[in-house]
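Novice: Handing you a structure now.
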There are 2 protein chains.
Amino acid sequence: MPTIHDLDTPAVLIDVDRAEANISRAQAHADRHGQKLRPHIKTHKLPYWAGKQMEAGAAGITCQKIGEAQVMADAGLTDIFLPYNILGRAKLERLLALHRRVTLSVTVDNAVALDGLAATFSDPGRRLDVLVECDTGMGRCGVQDAGEAVALARGIEAARGLSFGGLMTYPANGQPEKAETFLREARDALAASGLDCRRISSGGTPDMWRTGSDTVVTEYRPGTYIYMDRSQVRDGAATLDDCALTVLATVVSHPTATRAIVDAGSKALSSDTLGLSDFGEVQGMPGATVSGLSEEHGKLLLSGSARVSVGERVRLIPNHCCVVVNLFDKVHLISGEKVLETLPVAARGRSD
Amino acid sequence: MPTIHDLDTPAVLIDVDRAEANISRAQAHADRHGQKLRPHIKTHKLPYWAGKQMEAGAAGITCQKIGEAQVMADAGLTDIFLPYNILGRAKLERLLALHRRVTLSVTVDNAVALDGLAATFSDPGRRLDVLVECDTGMGRCGVQDAGEAVALARGIEAARGLSFGGLMTYPANGQPEKAETFLREARDALAASGLDCRRISSGGTPDMWRTGSDTVVTEYRPGTYIYMDRSQVRDGAATLDDCALTVLATVVSHPTATRAIVDAGSKALSSDTLGLSDFGEVQGMPGATVSGLSEEHGKLLLSGSARVSVGERVRLIPNHCCVVVNLFDKVHLISGEKVLETLPVAARGRSD
């Protein structure tokens, strides 16, 4: 069996033991609090892991793009949530085709998106579940108050081929209480209008750990939790030992005592800082951080006892694992240093 | 013939008229100053444009990865520069195979990389040209002074299958004088040791415009100049009307008067700021900038008279075109609004 020493660099390594432990831990937490888990596949983009997440007890999966959902449906996944406003004839036709194959649900936050769905989905015998997206502090998509949520929900229910499925939010990081307040008010306003929230879906790997059973949320859509990364460690959702994804890189240059260069730059690690002051760190080597990136160069700043030499291979823990996966055509599943399998990142590049 | 209105979003559009004008303008500048142009294909990753650059008068092309060079060699490009330390048995074997097919040159900045090349290339009848990389202020790879350059050049000349090809640098942005001083000193020190610099290669789209004929540099390796982007506009190397690459996106949400959301996020535009305070802007709509990114959401901040509506399609000018290309599997060549051709990004993902 090949080992990581046989791989050329840069390469994405996924420690399956860690990833499987991360899946189990999150599912157990959700089970304990009576919530459903609907993992977001944007992180791994692999049918392999989507299947493992379902086996562990997930209620379904979440995709962000129709192209991703098509890949997952082709691979046999049967319950897919697309928390996005789907607009335009081409996308609506693809959505309809997908709806005929799997149990599908989507979101809207505006009347234009709702009108498009209403005009496309007309079969009362197979209604599309549509949830209303709420902006609970993130400042991205979403209705701004409970009144808007009620108005949209009524519009959904009025459409022949649609069914109001509940509420969805992606909460601002670290503000689950704010999301809770918004969702509770919207739920109550909907109930007062005779509209039942069958699902209240929230997101985010860090937030799912902060809330227990005392919430209106019925399902979480964590993505990053399967691989974890430095931003999650910073947020307290993981330790460095939980990080399953690393980028194997080679030290190609060592121009000064404190500066070394690896062959993984922004086209391997991405430029995402997520509020961190650097771009990654060397696994198992405190004091060796990625202090700068060019497209194909990563600059290691060496402090304390951190030492590397030219030709040496290091494993980098990125700030944000989801965008790293999106940069590579394949990932290597490993256990210890053994390479168990190399998988194409099937849903990568399915950006429409 | 299809138009951009027939494309689904997000999609990368390349205005061929602008790109061709950018190629001509740079080649004419280089010709006027008696310098060679060796365009860096990292920006477009397409044999199509590499061929056009050669037709316009380029001396050869530059690739950053062996995988990219293999794609270009397969497409018929015959003179390829890889300004990178190539390390490890697998990469050295691939480099040797490439050397047998095309006119190849590489760089080193350290003895380990040199030893690897010397052990791999042993045919004095077909020597590999090796240039010495100099750190002239960028603080990335490169020897730190002229003495180190001379020592490495001597090592190259001493190797049976290698030939000293000259000096290479990627100058710190906006500091061509600093690079000039370093390169001149190194060239003179090499000459004093009986070593001739056949090529002195510098890089960077902004820098090539700042220097004229009065330089030791004999060739430039600009990449971005073909498409241009907001960072080049900021640096004075282009105007917004020179920007050939845009990302076609759909407005999917408009939650508040000043905030709209498009379906192009960091997985379409990348998180590169390159020192800018935002992530892109809407072409032809002053006051509409991309103020924030999630993976699949771009947040438009609307000020002044900028207005968009849900369902509308906009064209975004990114901060950094090179990393955008790397995120997409295909690009659409357009003239006006006509789609002339859709090309797979052949060298994308060839990261090793």
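Naming scheme: A, B, ... for chains in displayed order of the structure tokens; residues 1 onward per chain; ligands 1 onward as shown.
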Enumerate as a PyMOL selection string all residues of stretch 118-352 of chain A assigned to helix (DSSP H, G or I) by DSSP on the backbone, naming them with the chain letters and numbers the document uses.

Specialist: chain A and resi 118-120+146-158+176-192+205-210+224-226+230-234+240-242+266-269+321-325

Novice: If we count only C-alpha atoms, which residues of chain B reach to within 8 Å of chain A? Please list them as a PyMOL selection string.

Specialist: chain B and resi 8-10+64+85-88+90-91+109-110+112-113+140-144+252-255+261+267-268+270-272+295-297+299+310-311+323+326-329+349+351-352

Novice: Go ahead and write the selection's residues with N, CA and C atoms as a compact mmCIF listing (two decimals), in the first residue's frame.

Specialist:
# COMPACT_ATOMS: atom_id res chain seq x y z
N ASP B 8 -25.25 30.25 -18.20
CA ASP B 8 -25.67 30.20 -16.81
C ASP B 8 -24.57 30.82 -15.94
N THR B 9 -24.92 31.23 -14.76
CA THR B 9 -23.97 31.92 -13.89
C THR B 9 -23.64 31.09 -12.65
N PRO B 10 -22.47 31.30 -12.05
CA PRO B 10 -21.42 32.22 -12.47
C PRO B 10 -20.61 31.65 -13.64
N GLN B 64 4.59 27.81 -14.08
CA GLN B 64 5.06 27.72 -12.69
C GLN B 64 5.12 26.29 -12.20
N ASN B 85 12.36 26.08 -8.09
CA ASN B 85 13.22 25.00 -7.63
C ASN B 85 12.47 23.69 -7.77
N ILE B 86 12.95 22.81 -8.61
CA ILE B 86 12.28 21.52 -8.81
C ILE B 86 12.99 20.47 -7.95
N LEU B 87 12.25 19.88 -7.03
CA LEU B 87 12.83 18.97 -6.05
C LEU B 87 12.09 17.65 -6.01
N GLY B 88 12.79 16.60 -5.69
CA GLY B 88 12.16 15.29 -5.50
C GLY B 88 12.25 14.45 -6.76
N ALA B 90 10.30 12.28 -8.28
CA ALA B 90 9.18 12.22 -9.24
C ALA B 90 9.20 13.45 -10.14
N LYS B 91 9.35 14.61 -9.55
CA LYS B 91 9.34 15.84 -10.35
C LYS B 91 10.57 15.92 -11.26
N ASP B 109 17.81 28.29 -6.36
CA ASP B 109 18.33 29.29 -5.43
C ASP B 109 19.06 28.64 -4.26
N ASN B 110 19.27 27.31 -4.37
CA ASN B 110 19.94 26.61 -3.27
C ASN B 110 20.65 25.37 -3.77
N VAL B 112 20.68 22.28 -2.61
CA VAL B 112 19.93 21.02 -2.65
C VAL B 112 19.22 20.87 -4.00
N ALA B 113 18.57 21.95 -4.43
CA ALA B 113 17.90 21.92 -5.73
C ALA B 113 18.91 21.71 -6.85
N ARG B 140 10.83 36.41 -1.01
CA ARG B 140 10.25 35.09 -1.26
C ARG B 140 11.44 34.16 -1.48
N CYS B 141 11.55 33.51 -2.63
CA CYS B 141 12.73 32.70 -2.93
C CYS B 141 13.87 33.61 -3.39
N GLY B 142 15.04 33.00 -3.53
CA GLY B 142 16.15 33.72 -4.15
C GLY B 142 17.36 33.88 -3.28
N VAL B 143 18.52 33.89 -3.94
CA VAL B 143 19.77 34.14 -3.20
C VAL B 143 19.74 35.57 -2.69
N GLN B 144 20.46 35.77 -1.59
CA GLN B 144 20.38 37.06 -0.89
C GLN B 144 21.42 38.07 -1.34
N VAL B 252 -29.12 37.48 -6.74
CA VAL B 252 -30.09 36.50 -6.23
C VAL B 252 -30.90 37.01 -5.05
N SER B 253 -30.45 38.11 -4.46
CA SER B 253 -31.14 38.59 -3.25
C SER B 253 -30.85 40.08 -3.11
N HIS B 254 -31.77 40.79 -2.48
CA HIS B 254 -31.59 42.24 -2.31
C HIS B 254 -32.26 42.61 -0.98
N PRO B 255 -31.65 42.16 0.10
CA PRO B 255 -32.32 42.24 1.41
C PRO B 255 -32.53 43.66 1.92
N ILE B 261 -27.04 40.56 -3.16
CA ILE B 261 -26.19 39.37 -3.13
C ILE B 261 -26.15 38.75 -4.52
N LYS B 267 -15.49 31.17 -3.95
CA LYS B 267 -15.17 30.05 -4.83
C LYS B 267 -15.25 30.45 -6.30
N ALA B 268 -15.59 31.72 -6.57
CA ALA B 268 -15.59 32.22 -7.94
C ALA B 268 -14.61 33.39 -8.10
N SER B 270 -12.28 34.33 -5.55
CA SER B 270 -11.19 34.14 -4.61
C SER B 270 -11.23 35.23 -3.55
N SER B 271 -10.50 35.01 -2.46
CA SER B 271 -10.46 36.00 -1.38
C SER B 271 -9.30 36.96 -1.52
N ASP B 272 -8.61 36.92 -2.65
CA ASP B 272 -7.45 37.80 -2.81
C ASP B 272 -7.88 39.27 -2.75
N GLU B 295 -18.53 31.65 0.59
CA GLU B 295 -18.06 30.76 -0.47
C GLU B 295 -18.87 30.89 -1.75
N GLU B 296 -20.19 30.99 -1.62
CA GLU B 296 -21.02 31.05 -2.82
C GLU B 296 -21.90 32.30 -2.86
N HIS B 297 -21.58 33.29 -2.07
CA HIS B 297 -22.31 34.55 -2.04
C HIS B 297 -21.32 35.69 -2.14
N LYS B 299 -21.31 39.85 -1.69
CA LYS B 299 -22.15 40.92 -1.16
C LYS B 299 -21.85 42.22 -1.90
N VAL B 310 -33.22 41.94 -8.34
CA VAL B 310 -33.11 40.48 -8.26
C VAL B 310 -33.38 39.87 -9.62
N GLY B 311 -32.51 38.98 -10.04
CA GLY B 311 -32.63 38.34 -11.33
C GLY B 311 -31.74 38.98 -12.39
N VAL B 323 -6.18 34.03 -10.13
CA VAL B 323 -6.76 33.04 -9.21
C VAL B 323 -8.21 32.74 -9.56
N ASN B 326 -8.25 29.94 -12.08
CA ASN B 326 -7.90 28.67 -11.44
C ASN B 326 -9.09 28.02 -10.72
N LEU B 327 -10.18 28.77 -10.55
CA LEU B 327 -11.35 28.24 -9.85
C LEU B 327 -12.39 27.65 -10.80
N PHE B 328 -12.23 27.90 -12.09
CA PHE B 328 -13.25 27.48 -13.06
C PHE B 328 -12.70 26.42 -14.02
N ASP B 329 -13.56 25.51 -14.42
CA ASP B 329 -13.16 24.47 -15.37
C ASP B 329 -13.17 24.97 -16.80
N GLY B 349 -5.61 23.07 -12.19
CA GLY B 349 -5.52 21.88 -11.34
C GLY B 349 -4.25 21.08 -11.56
N SER B 351 -1.44 21.13 -10.40
CA SER B 351 -0.74 21.84 -9.33
C SER B 351 0.57 21.19 -8.92
N ASP B 352 0.91 20.04 -9.53
CA ASP B 352 2.19 19.44 -9.12
C ASP B 352 3.15 19.35 -10.31

Novice: What residues in stretch 170-317 of chain A get the DSSP label strand (DSSP E)? Please answer as a ChimeraX atom specification.

Specialist: /A:199-203,219-221,245-256,259-262,280-282,288-293,298-302,313-317

Novice: Pick the closest to B:Leu276 from B:Pro344, B:Gly147, B:Pro318, B:Gly304: which is it, counting only C-alpha atoms?

Specialist: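 Selected residue with least distance to B:Leu276: B:Pro318.
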
Novice: So which residues touch B:Arg160 within 8 Å, counting only C-alpha atoms, skipping near sequence neighbours fewer than 5 positions away, as a ChimeraX atom specification?

Specialist: /B:118,121-124,127
